[in-house]
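A.B. asks: The following block contains the structure, expressed as structure tokens.
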Amino acid sequence: MPLSEPVPDIRSLDLLRSVASEGSIRRAAASHGIVERLDHQIDSMKARLALLERLLGELQSTRQLL
């Protein structure tokens with residue numbers, strides 16, 4: 001069965017896993033080598049995570065309808 005569009009990219013999924021295991025976006029950023037902790041990088045990560053959460057929510061809703 002092909003994946004429905006849009007499909008989350010692997011980096012976003014890995015980042016989400018890191019946030020869950022590290023307990024914060026800043027610690028997840030550090031674990032991904034973002035040591036400068038520039039605000040725009042953190043904001044970019046937050047935006048990617050928010051998009052991923054929406055995509056996963058949509059996928060879950062679609063599966064519940066099936």
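Starting from 1 in every chain, residues are counted up; chains themselves are A, B, ... following the order of the structure tokens, and ligands are numbered from 1 as listed.
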What lies within 9 Å of range 46-54 of chain A using only C-alpha atoms, ignoring chain neighbours under 4 positions off, as a VMD selection string?
C.D. replies: chain A and resid 8 to 9 12 to 13 15 to 16 25 41 to 42 58 to 59
A.B. asks: Looking only at helix (DSSP H, G or I) from DSSP on the backbone, list the matching residues of range 17-60 of chain A as a ChimeraX atom specification.
C.D. replies: /A:17-22,25-31,39-60
A.B. asks: Just the number, please: distance in Å from CA of Ser31 in chain A to CA of Gly57 in chain A, one decimal.
C.D. replies: 25.6 Å
A.B. asks: Between A:Met45, A:His40, A:Pro6, A:Gln60, which has the minimum distance to Arg27 in chain A (counting only C-alpha atoms)?
C.D. replies: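 Counting only C-alpha atoms, the residue closest to Arg27 in chain A is A:Met45.
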